[in-house]
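The data block below is protein_14.txt; it holds compact mmCIF, C-alpha atoms.
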```
# COMPACT_ATOMS: atom_id res chain seq x y z
CA MET A 1 0.00 0.00 0.00
CA GLN A 2 1.52 3.30 -1.08
CA PRO A 3 1.55 5.85 1.77
CA VAL A 4 -0.34 9.08 1.21
CA ASP A 5 1.81 12.15 0.62
CA PHE A 6 0.88 13.78 3.91
CA THR A 7 2.65 16.75 5.47
CA HIS A 8 3.15 16.29 9.18
CA SER A 9 3.31 19.36 11.41
CA GLN A 10 3.85 19.24 15.12
CA SER A 11 1.30 21.04 17.20
CA ALA A 12 0.65 21.89 20.81
CA HIS A 13 -2.80 20.31 21.04
CA CYS A 14 -3.85 17.13 19.25
CA GLU A 15 -7.32 18.04 17.99
CA SER A 16 -6.47 21.47 16.58
CA GLY A 17 -3.26 19.96 15.19
CA VAL A 18 -5.07 17.13 13.41
CA CYS A 19 -7.69 19.55 12.11
CA SER A 20 -5.01 21.90 10.80
CA ASN A 21 -3.05 19.03 9.19
CA LEU A 22 -6.12 17.48 7.55
CA LEU A 23 -7.31 20.83 6.16
CA THR A 24 -3.84 21.70 4.92
CA HIS A 25 -3.76 18.31 3.17
CA LYS A 26 -7.05 19.19 1.47
CA GLY A 27 -5.48 22.34 0.05
CA LEU A 28 -6.68 24.74 2.75
CA PRO A 29 -3.45 25.69 4.53
CA MET A 30 -4.29 26.57 8.09
CA SER A 31 -2.23 27.12 11.22
CA GLU A 32 -3.08 25.28 14.40
CA ALA A 33 -4.09 28.55 16.10
CA MET A 34 -6.46 29.36 13.22
CA ALA A 35 -8.07 25.89 13.38
CA PHE A 36 -8.42 26.31 17.15
CA GLY A 37 -10.04 29.76 16.88
CA MET A 38 -12.28 29.08 13.87
CA GLY A 39 -13.31 25.81 15.51
CA GLY A 40 -14.42 27.64 18.67
CA GLY A 41 -11.87 25.74 20.76
CA LEU A 42 -11.56 28.08 23.74
CA PHE A 43 -13.63 27.54 26.83
CA PHE A 44 -13.57 27.48 30.58
CA GLY A 45 -15.62 25.17 32.73
CA TYR A 46 -15.41 24.17 36.37
CA LEU A 47 -17.69 21.18 36.76
CA PRO A 48 -17.41 19.76 40.29
CA PHE A 49 -20.22 17.26 39.70
CA ILE A 50 -18.05 15.49 37.09
CA ARG A 51 -15.14 13.76 38.80
CA LEU A 52 -11.85 12.89 37.19
CA HIS A 53 -9.69 10.70 39.44
CA ASN A 54 -12.16 11.71 42.15
CA LEU A 55 -11.35 15.40 41.62
CA PRO A 56 -13.62 18.05 40.05
CA LEU A 57 -13.35 18.50 36.30
CA VAL A 58 -11.77 21.75 35.17
CA THR A 59 -11.53 22.37 31.46
CA TYR A 60 -9.83 25.16 29.56
CA ARG A 61 -10.97 24.20 26.08
CA ALA A 62 -14.05 22.97 24.22
CA ALA A 63 -15.22 19.38 24.69
CA ALA A 64 -13.17 16.74 22.91
CA GLY A 65 -14.21 16.60 19.27
CA GLY A 66 -15.74 20.11 19.36
CA ILE A 67 -13.28 21.73 16.96
CA LEU A 68 -13.60 19.00 14.33
CA LYS A 69 -17.37 19.01 14.72
CA HIS A 70 -17.39 22.76 14.12
CA PHE A 71 -15.71 22.30 10.74
CA ALA A 72 -17.70 19.17 9.87
CA ASN A 73 -20.93 21.16 10.27
CA ALA A 74 -19.72 24.25 8.43
CA PRO A 75 -21.09 25.08 4.97
CA GLY A 76 -18.97 23.57 2.23
CA PHE A 77 -17.52 20.85 4.46
CA THR A 78 -18.61 17.27 4.86
CA MET A 79 -16.88 14.78 7.09
CA HIS A 80 -17.18 11.02 7.06
CA GLN A 81 -17.19 9.78 10.66
CA LYS A 82 -17.75 6.28 11.87
CA GLN A 83 -17.56 4.28 15.06
CA PHE A 84 -17.45 0.50 15.23
CA ARG A 85 -18.37 -2.41 17.43
CA ASP A 86 -16.23 -4.87 15.54
CA LYS A 87 -12.44 -4.44 15.60
CA GLU A 88 -11.82 -6.32 12.36
CA GLN A 89 -14.31 -4.17 10.53
CA ALA A 90 -12.65 -1.04 11.98
CA VAL A 91 -9.25 -2.18 10.68
CA ALA A 92 -10.71 -3.13 7.30
CA GLU A 93 -12.39 0.26 6.82
CA LEU A 94 -9.26 2.14 7.85
CA ASP A 95 -7.18 0.07 5.41
CA ALA A 96 -9.75 0.60 2.66
CA ALA A 97 -9.57 4.37 3.13
CA LEU A 98 -5.77 4.27 3.10
CA ALA A 99 -5.90 2.21 -0.10
CA GLN A 100 -7.81 5.13 -1.63
CA SER A 101 -5.00 7.49 -0.49
CA ILE A 102 -7.16 9.10 2.16
CA PRO A 103 -5.37 10.15 5.36
CA VAL A 104 -7.66 9.18 8.21
CA GLY A 105 -8.14 10.86 11.60
CA LEU A 106 -8.51 8.50 14.53
CA GLN A 107 -9.61 8.94 18.12
CA THR A 108 -7.41 6.83 20.38
CA GLY A 109 -6.47 6.04 23.97
CA VAL A 110 -2.99 7.43 24.72
CA PHE A 111 -2.18 4.65 27.16
CA TRP A 112 -2.05 2.02 24.41
CA LEU A 113 0.13 3.88 21.93
CA PRO A 114 3.57 2.26 22.20
CA TYR A 115 5.48 5.16 20.64
CA PHE A 116 4.60 7.36 23.63
CA PRO A 117 7.31 7.18 26.31
CA ARG A 118 6.00 4.96 29.09
CA ALA A 119 6.07 7.77 31.65
CA LEU A 120 3.81 9.92 29.48
CA ARG A 121 1.12 7.32 28.86
CA PHE A 122 -2.06 7.91 30.77
CA HIS A 123 -5.68 6.91 30.39
CA PHE A 124 -6.98 9.65 28.12
CA ASN A 125 -9.24 8.34 25.37
CA ALA A 126 -9.69 11.42 23.20
CA HIS A 127 -6.26 11.66 21.65
CA ASN A 128 -6.43 12.49 17.93
CA LEU A 129 -3.92 11.48 15.29
CA VAL A 130 -3.79 10.83 11.55
CA VAL A 131 -2.89 7.53 9.91
CA TYR A 132 -1.60 8.14 6.39
CA GLY A 133 -0.30 4.74 5.32
CA ARG A 134 0.33 1.11 6.15
CA GLU A 135 3.56 -0.78 5.63
CA GLY A 136 3.25 -4.46 6.53
CA ASP A 137 2.00 -4.66 10.10
CA ASP A 138 2.75 -1.01 10.86
CA TYR A 139 0.65 2.08 10.37
CA LEU A 140 2.40 5.31 9.42
CA VAL A 141 1.16 7.86 11.88
CA SER A 142 1.17 11.63 11.99
CA ASP A 143 0.70 12.21 15.70
CA PRO A 144 0.61 15.99 16.05
CA VAL A 145 2.26 16.09 19.45
CA PHE A 146 5.39 14.41 18.05
CA PRO A 147 8.02 16.31 16.06
CA THR A 148 8.17 13.72 13.26
CA PRO A 149 5.86 10.97 11.94
CA VAL A 150 5.95 7.69 13.87
CA ARG A 151 5.06 4.04 13.22
CA CYS A 152 2.61 2.00 15.22
CA PRO A 153 1.84 -1.74 14.92
CA VAL A 154 -1.68 -2.43 13.68
CA ALA A 155 -2.49 -4.49 16.80
CA ASP A 156 -1.49 -1.65 19.14
CA MET A 157 -3.36 0.96 17.14
CA THR A 158 -6.46 -1.24 17.17
CA ARG A 159 -6.18 -1.60 20.93
CA ALA A 160 -5.85 2.19 21.26
CA ARG A 161 -8.89 2.68 19.02
CA PHE A 162 -10.92 0.40 21.25
CA ALA A 163 -9.68 1.63 24.61
CA SER A 164 -12.43 1.41 27.19
CA GLY A 165 -13.47 3.89 29.85
CA ALA A 166 -14.51 7.56 29.75
CA LEU A 167 -14.68 8.98 26.21
CA ALA A 168 -14.12 5.49 24.74
CA PRO A 169 -13.33 6.06 21.04
CA LYS A 170 -15.15 2.92 19.82
CA GLY A 171 -12.85 2.76 16.84
CA LYS A 172 -13.79 6.25 15.68
CA MET A 173 -12.32 7.26 12.34
CA TYR A 174 -12.98 10.40 10.31
CA TYR A 175 -11.89 12.30 7.25
CA PHE A 176 -13.11 15.23 5.20
CA THR A 177 -14.97 14.08 2.10
CA GLN A 178 -15.66 17.55 0.85
CA THR A 179 -14.04 20.91 1.50
CA PRO A 180 -14.51 24.26 -0.21
CA GLN A 181 -11.84 25.44 -2.64
CA THR A 182 -11.08 28.42 -0.46
CA ILE A 183 -12.02 29.46 3.05
CA ASP A 184 -14.10 32.55 3.65
CA HIS A 185 -11.87 33.80 6.44
CA HIS A 186 -14.19 36.58 7.56
CA HIS A 187 -17.13 34.20 7.95
CA PHE A 188 -15.19 31.52 9.80
CA ILE A 189 -13.37 33.95 12.06
CA THR A 190 -16.52 35.81 13.07
CA GLU A 191 -18.47 32.59 13.61
CA GLY A 192 -15.65 31.10 15.68
CA ILE A 193 -15.43 34.24 17.82
CA ARG A 194 -19.22 34.45 18.18
CA PHE A 195 -19.36 30.87 19.42
CA VAL A 196 -16.68 31.42 22.08
CA CYS A 197 -18.11 34.81 23.14
CA LYS A 198 -21.45 33.16 23.80
CA LEU A 199 -19.90 30.52 26.02
CA MET A 200 -17.48 32.81 27.83
CA ILE A 201 -19.74 35.77 28.63
CA GLY A 202 -23.22 34.94 27.37
CA SER A 203 -24.13 31.86 29.33
CA PRO A 204 -26.39 32.06 32.38
CA PHE A 205 -24.82 28.87 33.73
CA PRO A 206 -22.56 29.88 36.67
CA LEU A 207 -19.94 27.17 36.17
CA ILE A 208 -18.77 28.08 32.69
CA GLY A 209 -17.05 31.03 31.05
CA VAL A 210 -15.88 33.97 33.15
CA LYS A 211 -18.57 33.16 35.71
CA GLY A 212 -17.00 29.73 36.03
CA ILE A 213 -13.55 31.24 36.63
CA ARG A 214 -15.01 33.39 39.42
CA PHE A 215 -16.84 30.37 40.83
CA LEU A 216 -13.57 28.43 40.92
CA ALA A 217 -11.87 31.38 42.67
CA LYS A 218 -14.58 31.38 45.33
CA ARG A 219 -14.25 27.62 45.87
CA LEU A 220 -10.46 27.66 45.77
CA GLU A 221 -10.02 30.17 48.58
CA LYS A 222 -12.16 27.97 50.83
CA TRP A 223 -10.31 24.71 50.08
CA PRO A 224 -7.71 24.84 52.91
CA HIS A 225 -10.45 25.43 55.48
CA LYS A 226 -12.93 23.01 53.96
CA LEU A 227 -10.65 20.17 52.82
CA GLY A 228 -7.51 20.50 54.93
CA LYS A 229 -4.08 21.33 53.52
CA GLU A 230 -3.32 17.98 51.93
CA ARG A 231 -6.61 17.67 49.98
CA ALA A 232 -6.55 21.39 49.17
CA ASP A 233 -3.09 21.01 47.61
CA LEU A 234 -4.31 17.94 45.73
CA HIS A 235 -7.25 19.90 44.30
CA LEU A 236 -4.96 22.79 43.42
CA GLY A 237 -2.49 20.45 41.71
CA HIS A 238 -5.35 19.03 39.67
CA VAL A 239 -6.45 22.49 38.50
CA VAL A 240 -2.91 23.27 37.37
CA ARG A 241 -2.33 19.86 35.80
CA MET A 242 -5.46 20.28 33.69
CA GLN A 243 -4.24 23.73 32.72
CA GLU A 244 -0.64 22.81 32.01
CA GLU A 245 -0.46 19.19 30.99
CA ILE A 246 -3.72 18.31 29.28
CA GLY A 247 -3.16 20.44 26.25
CA THR A 248 -0.56 22.98 25.53
CA GLY A 249 1.41 23.88 28.61
CA GLY A 250 1.58 27.20 30.39
CA GLY A 251 -1.93 28.59 30.05
CA GLY A 252 -1.35 27.61 26.46
CA PHE A 253 -4.92 27.62 25.22
CA ARG A 254 -5.05 31.32 26.11
CA PHE A 255 -1.85 31.99 24.17
CA MET A 256 -3.14 29.91 21.26
CA TYR A 257 -6.34 31.95 21.15
CA ALA A 258 -4.31 35.15 21.26
CA ALA A 259 -2.29 33.82 18.30
CA PHE A 260 -5.58 33.17 16.47
CA LEU A 261 -6.73 36.76 17.12
CA GLN A 262 -3.36 38.06 15.96
CA GLU A 263 -3.48 36.03 12.75
CA SER A 264 -7.09 37.11 12.19
CA ALA A 265 -6.06 40.76 12.59
CA THR A 266 -3.52 40.29 9.82
CA LEU A 267 -5.88 38.35 7.53
CA LEU A 268 -8.75 40.82 7.94
CA GLN A 269 -6.43 43.82 8.23
CA ASP A 270 -8.17 44.84 11.42
CA PRO A 271 -5.97 46.41 14.13
CA TYR A 272 -8.81 46.12 16.67
CA LEU A 273 -8.32 42.34 16.73
CA GLU A 274 -4.63 42.92 17.32
CA GLN A 275 -5.48 44.91 20.45
CA CYS A 276 -7.74 42.07 21.58
CA ALA A 277 -4.89 39.61 20.95
CA ALA A 278 -2.53 41.67 23.14
CA LEU A 279 -5.11 41.78 25.93
CA PHE A 280 -5.68 38.06 25.68
CA THR A 281 -1.96 37.40 25.90
CA GLN A 282 -2.07 39.30 29.19
CA SER A 283 -4.77 36.92 30.33
CA GLY A 284 -2.49 33.98 29.42
CA ASP A 285 0.30 35.57 31.46
CA THR A 286 -2.03 35.92 34.45
CA TRP A 287 -3.10 32.28 34.14
CA ARG A 288 0.55 31.33 33.99
CA ALA A 289 1.31 33.41 37.11
CA PHE A 290 -1.54 31.62 38.90
CA ALA A 291 -0.20 28.25 37.80
CA ALA A 292 3.37 29.09 38.88
CA SER A 293 2.13 30.11 42.32
CA ALA A 294 0.04 26.94 42.57
CA ALA A 295 3.01 24.84 41.43
CA ARG A 296 5.16 26.24 44.23
CA VAL A 297 2.46 25.38 46.76
CA CYS A 298 2.10 21.84 45.38
CA LYS A 299 5.87 21.37 45.32
CA ASP A 300 6.08 22.55 48.92
CA ARG A 301 8.29 25.55 48.19
CA PRO A 302 5.79 28.41 48.51
CA ARG A 303 6.84 32.02 48.67
CA GLU A 304 5.24 34.35 51.17
CA GLU A 305 2.78 35.62 48.55
CA ASP A 306 1.61 32.11 47.52
CA THR A 307 -1.60 31.90 49.51
CA TYR A 308 -4.96 30.51 48.46
CA GLN A 309 -6.48 33.99 48.85
CA ALA A 310 -3.84 35.48 46.55
CA MET A 311 -4.37 32.72 43.99
CA ALA A 312 -8.12 33.31 44.08
CA ALA A 313 -7.45 37.01 43.49
CA THR A 314 -5.29 36.11 40.47
CA LEU A 315 -8.10 33.96 39.08
CA ARG A 316 -10.51 36.89 39.47
CA GLU A 317 -8.00 38.98 37.55
CA CYS A 318 -8.05 36.35 34.76
CA ALA A 319 -11.86 36.49 34.74
CA ALA A 320 -11.83 40.29 34.53
CA LYS A 321 -9.35 40.29 31.65
CA GLU A 322 -11.25 37.64 29.69
CA GLU A 323 -14.55 39.44 30.31
CA GLN A 324 -12.99 42.60 28.93
CA VAL A 325 -11.65 40.88 25.80
CA PHE A 326 -14.87 39.04 25.00
CA SER A 327 -16.95 42.18 25.60
CA ASN A 328 -14.66 43.97 23.13
CA LEU A 329 -15.01 41.11 20.69
CA ARG A 330 -18.79 41.16 21.01
CA THR A 331 -18.75 44.86 20.15
CA TRP A 332 -16.50 44.03 17.19
CA LEU A 333 -18.97 41.36 16.06
CA ASP A 334 -21.84 43.86 16.20
CA ASP A 335 -19.84 46.13 13.90
CA GLN A 336 -19.39 43.29 11.41
CA GLN A 337 -23.14 43.01 10.71
CA MET B 1 29.62 25.03 29.18
CA GLU B 2 29.13 28.66 28.20
CA SER B 3 28.84 31.22 30.99
CA PHE B 4 25.25 32.00 29.97
CA GLU B 5 24.33 28.32 30.18
CA GLN B 6 25.88 28.18 33.64
CA GLU B 7 23.89 31.26 34.69
CA LEU B 8 20.74 29.57 33.41
CA LEU B 9 21.50 26.34 35.20
CA GLU B 10 21.94 28.25 38.47
CA LEU B 11 18.65 30.05 37.86
CA ILE B 12 16.85 26.75 37.21
CA CYS B 13 18.30 25.15 40.34
CA THR B 14 17.35 28.14 42.48
CA THR B 15 13.84 28.26 41.01
CA CYS B 16 13.20 24.56 41.48
CA ASN B 17 15.04 24.28 44.78
CA LEU B 18 17.57 21.81 43.39
CA GLU B 19 21.17 21.16 44.28
CA MET B 20 23.54 22.60 41.68
CA PRO B 21 25.12 19.71 39.70
CA GLU B 22 28.84 19.53 38.96
CA ILE B 23 29.20 21.73 35.91
CA GLN B 24 32.08 19.85 34.29
CA TYR B 25 29.95 16.68 34.09
CA PHE B 26 26.73 18.35 33.02
CA ASN B 27 25.61 17.56 29.45
CA THR B 28 23.92 20.68 28.12
CA HIS B 29 22.20 18.64 25.39
CA ALA B 30 20.65 16.11 27.80
CA PRO B 31 16.86 16.22 28.30
CA LEU B 32 15.92 18.97 30.72
CA ILE B 33 12.30 18.07 31.41
CA GLY B 34 10.41 14.81 31.73
CA PRO B 35 11.17 11.25 32.75
CA GLU B 36 14.73 11.39 31.40
CA SER B 37 15.51 14.79 32.87
CA VAL B 38 19.05 15.03 34.20
CA LEU B 39 17.82 17.29 36.96
CA GLY B 40 14.60 15.39 37.70
CA ILE B 41 12.46 18.30 36.48
CA ASP B 42 8.78 17.66 35.70
CA SER B 43 6.24 19.69 33.76
CA ILE B 44 5.12 21.60 36.85
CA ASP B 45 8.74 22.70 37.41
CA ALA B 46 8.90 23.56 33.72
CA LEU B 47 6.08 25.99 34.20
CA GLU B 48 7.97 27.80 36.95
CA ILE B 49 11.07 27.91 34.77
CA ALA B 50 9.04 29.45 31.92
CA VAL B 51 7.71 32.13 34.27
CA THR B 52 11.15 32.82 35.78
CA VAL B 53 12.75 33.12 32.33
CA GLN B 54 10.05 35.57 31.29
CA GLN B 55 10.53 37.64 34.46
CA THR B 56 14.33 37.56 34.34
CA TYR B 57 15.05 37.98 30.63
CA GLY B 58 11.73 39.28 29.31
CA VAL B 59 11.58 36.32 26.91
CA ARG B 60 8.23 34.61 26.53
CA MET B 61 7.62 30.96 25.70
CA ASP B 62 4.23 30.99 24.09
CA ASN B 63 2.27 28.90 21.67
CA GLU B 64 4.36 29.84 18.66
CA ASN B 65 7.52 28.67 20.35
CA SER B 66 6.13 25.99 22.53
CA SER B 67 7.90 25.57 25.83
CA ARG B 68 8.08 21.86 25.05
CA ASP B 69 10.58 22.56 22.23
CA VAL B 70 12.46 25.31 24.00
CA LEU B 71 12.91 23.33 27.19
CA GLN B 72 14.30 20.25 25.46
CA SER B 73 17.75 20.87 26.92
CA LEU B 74 19.80 23.57 28.59
CA ALA B 75 21.41 24.27 25.21
CA THR B 76 18.05 24.80 23.43
CA LEU B 77 16.80 27.04 26.24
CA SER B 78 19.99 29.08 26.21
CA SER B 79 19.91 29.46 22.43
CA TYR B 80 16.21 30.47 22.46
CA ILE B 81 16.75 33.15 25.11
CA GLN B 82 19.82 34.56 23.37
CA LYS B 83 17.93 34.75 20.09
CA ASN B 84 14.92 36.49 21.59
CA ILE B 85 16.41 38.68 24.28
```
Take the structure in the file and write it out as structure tokens.
Amino acid sequence: MQPVDFTHSQSAHCESGVCSNLLTHKGLPMSEAMAFGMGGGLFFGYLPFIRLHNLPLVTYRAAAGGILKHFANAPGFTMHQKQFRDKEQAVAELDAALAQSIPVGLQTGVFWLPYFPRALRFHFNAHNLVVYGREGDDYLVSDPVFPTPVRCPVADMTRARFASGALAPKGKMYYFTQTPQTIDHHHFITEGIRFVCKLMIGSPFPLIGVKGIRFLAKRLEKWPHKLGKERADLHLGHVVRMQEEIGTGGGGFRFMYAAFLQESATLLQDPYLEQCAALFTQSGDTWRAFAASAARVCKDRPREEDTYQAMAATLRECAAKEEQVFSNLRTWLDDQQ
Amino acid sequence: MESFEQELLELICTTCNLEMPEIQYFNTHAPLIGPESVLGIDSIDALEIAVTVQQTYGVRMDNENSSRDVLQSLATLSSYIQKNI
């Protein structure tokens, strides 16, 4: 089977990376930041009723699959997506697509991918990658978090595709069957921003968007009293780990969104978006300052200023900055009508 | 080891509360972060290093120049800072 001529680019986050690589392959060159922003990837949610390792779920980006879904539902795009019950059928359909020179996106469980260093494997079942060929018993894989393409035995990939547990992929494979010849940047940028604005400042639900950040701040400052130091530090570590490790590192989703706004400013020749990008970078810096303070507490080397009250204040600062940016963006959207 | 690399190594050790290794035996191209880190630095430490570098040298590690790439080794970090300072 001849491998597809597929250009691999490393990215910070798997889903936006796969989306960017698949669209670029279809002749629509797109940076990861642009795929993230157009796909409405930014979010904040503090959902204590959903437990992850018995700790409340905190998320800094849209639900897994949200970015791809955004493009799949956009005018001019169609995406073939399929899940399976039968492993053999899942392998056969993947191989059939590869035989037609179609690079295929897969949802997988990280833990079962042997090319990941052992220490970095964990049970996360929404890891996206692209398979672009098969040589003997190996798939040729463009895994966006790796600097170069990798190989993965068919048996291991099949196991990863059928990992069980939360967000079980059930063999999910997908690829674009139709894409427009060109992208209407203005339309996609405004729609992407509108979607995120609605979630970040337009939702009445108190646990998401800037309200959610403030809710977390309120909870966080009570943790030492309510949970005791050990559990409080555990909760804090979880908040930072979700911010720093599940995704892009260092408040990275905020920086990625700022990069999207910056790129949009250039594409649309609109300096207002550049101002918004600069403000959003400041938000990323504030998130990073929060995370650094929390890291010192978790690592048992706190400075005098690293208190739960101070960290809650920093979170409120993040909320204020993001509220400001999304209010500005909403005004900008109104002007686009 | 260049003097700037030594300065960086001292900064990293102070930030992460680590004992300074013997400079003559330190491989500046060895992995800095992760399971094979020569200093035993994890991603939470990496975050503090990113913040300290930004505060000390005014050099940001953002999405465009992912901290994962920059923090591969002391040599890559040193080169990135010197290029962007």
Do me a favour and pick out the residues of chain B within 10 Å of chain A, using only C-alpha atoms, as number ranges by chain.
B: 15-17, 34-36, 43-52, 54, 60-69
Find the residues near His29 of chain B: any atom within 9 Å, counting only C-alpha atoms, skip ones fewer than 5 places away on the same chain, and give them as a ChimeraX atom specification.
/B:72-76
For atom CA of Trp112 of chain A and atom CA of Ala126 of chain A, determine how far apart the two atoms are, in Å to one decimal place.
12.2 Å
List the neighbours of Gly37 of chain A out to 8 Å using all atoms listed in the file; skip same-chain residues closer than 3 positions along the sequence, and give me the result as a PyMOL selection string.
chain A and resi 33-34+40-42+189+192-193+257+260-261
Write a file of the selected residues as a PDB file, keeping the file's coordinate frame, keeping C-alpha atoms.
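Final output, selection22.pdb:
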```pdb
ATOM      1  CA  ALA A  33      -4.090  28.550  16.100  1.00  0.00           C
ATOM      2  CA  MET A  34      -6.460  29.360  13.220  1.00  0.00           C
ATOM      3  CA  GLY A  40     -14.420  27.640  18.670  1.00  0.00           C
ATOM      4  CA  GLY A  41     -11.870  25.740  20.760  1.00  0.00           C
ATOM      5  CA  LEU A  42     -11.560  28.080  23.740  1.00  0.00           C
ATOM      6  CA  ILE A 189     -13.370  33.950  12.060  1.00  0.00           C
ATOM      7  CA  GLY A 192     -15.650  31.100  15.680  1.00  0.00           C
ATOM      8  CA  ILE A 193     -15.430  34.240  17.820  1.00  0.00           C
ATOM      9  CA  TYR A 257      -6.340  31.950  21.150  1.00  0.00           C
ATOM     10  CA  PHE A 260      -5.580  33.170  16.470  1.00  0.00           C
ATOM     11  CA  LEU A 261      -6.730  36.760  17.120  1.00  0.00           C
TER      12      LEU A 261
END
```
Residues near Asn328 of chain A, anyone? I mean within 12 Å using only C-alpha atoms, not counting same-chain ones fewer than 2 positions away, as a PyMOL selection string.
chain A and resi 193-194+197+201+272-277+279-280+321-326+330-335
Could you save those same residues with C-alpha atoms as a PDB file, keeping the file's coordinate frame?
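Just written: selection_29.pdb:
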```
ATOM      1  CA  ILE A 193     -15.430  34.240  17.820  1.00  0.00           C
ATOM      2  CA  ARG A 194     -19.220  34.450  18.180  1.00  0.00           C
ATOM      3  CA  CYS A 197     -18.110  34.810  23.140  1.00  0.00           C
ATOM      4  CA  ILE A 201     -19.740  35.770  28.630  1.00  0.00           C
ATOM      5  CA  TYR A 272      -8.810  46.120  16.670  1.00  0.00           C
ATOM      6  CA  LEU A 273      -8.320  42.340  16.730  1.00  0.00           C
ATOM      7  CA  GLU A 274      -4.630  42.920  17.320  1.00  0.00           C
ATOM      8  CA  GLN A 275      -5.480  44.910  20.450  1.00  0.00           C
ATOM      9  CA  CYS A 276      -7.740  42.070  21.580  1.00  0.00           C
ATOM     10  CA  ALA A 277      -4.890  39.610  20.950  1.00  0.00           C
ATOM     11  CA  LEU A 279      -5.110  41.780  25.930  1.00  0.00           C
ATOM     12  CA  PHE A 280      -5.680  38.060  25.680  1.00  0.00           C
ATOM     13  CA  LYS A 321      -9.350  40.290  31.650  1.00  0.00           C
ATOM     14  CA  GLU A 322     -11.250  37.640  29.690  1.00  0.00           C
ATOM     15  CA  GLU A 323     -14.550  39.440  30.310  1.00  0.00           C
ATOM     16  CA  GLN A 324     -12.990  42.600  28.930  1.00  0.00           C
ATOM     17  CA  VAL A 325     -11.650  40.880  25.800  1.00  0.00           C
ATOM     18  CA  PHE A 326     -14.870  39.040  25.000  1.00  0.00           C
ATOM     19  CA  ARG A 330     -18.790  41.160  21.010  1.00  0.00           C
ATOM     20  CA  THR A 331     -18.750  44.860  20.150  1.00  0.00           C
ATOM     21  CA  TRP A 332     -16.500  44.030  17.190  1.00  0.00           C
ATOM     22  CA  LEU A 333     -18.970  41.360  16.060  1.00  0.00           C
ATOM     23  CA  ASP A 334     -21.840  43.860  16.200  1.00  0.00           C
ATOM     24  CA  ASP A 335     -19.840  46.130  13.900  1.00  0.00           C
TER      25      ASP A 335
END
```
As a PyMOL selection string, please: the residues near segment 58-73 of chain A (cut-off 8 Å, only C-alpha atoms, same-chain neighbours under 6 positions excluded).
chain A and resi 15-16+19+35-36+39-48+79+126+176+239+242-243+253
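Across A:Gly109, A:Gly212, A:Gly165, A:Pro56, the tightest approach to Leu236 of chain A is made by A:Pro56 when counting all atoms listed in the file.
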Distance in Å - atom CA of Gln2 of chain A versus atom CA of Asp86 of chain A:
25.7 Å
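Between atom CA of Ser101 of chain A and atom CA of Phe6 of chain A lies a distance of 9.7 Å.
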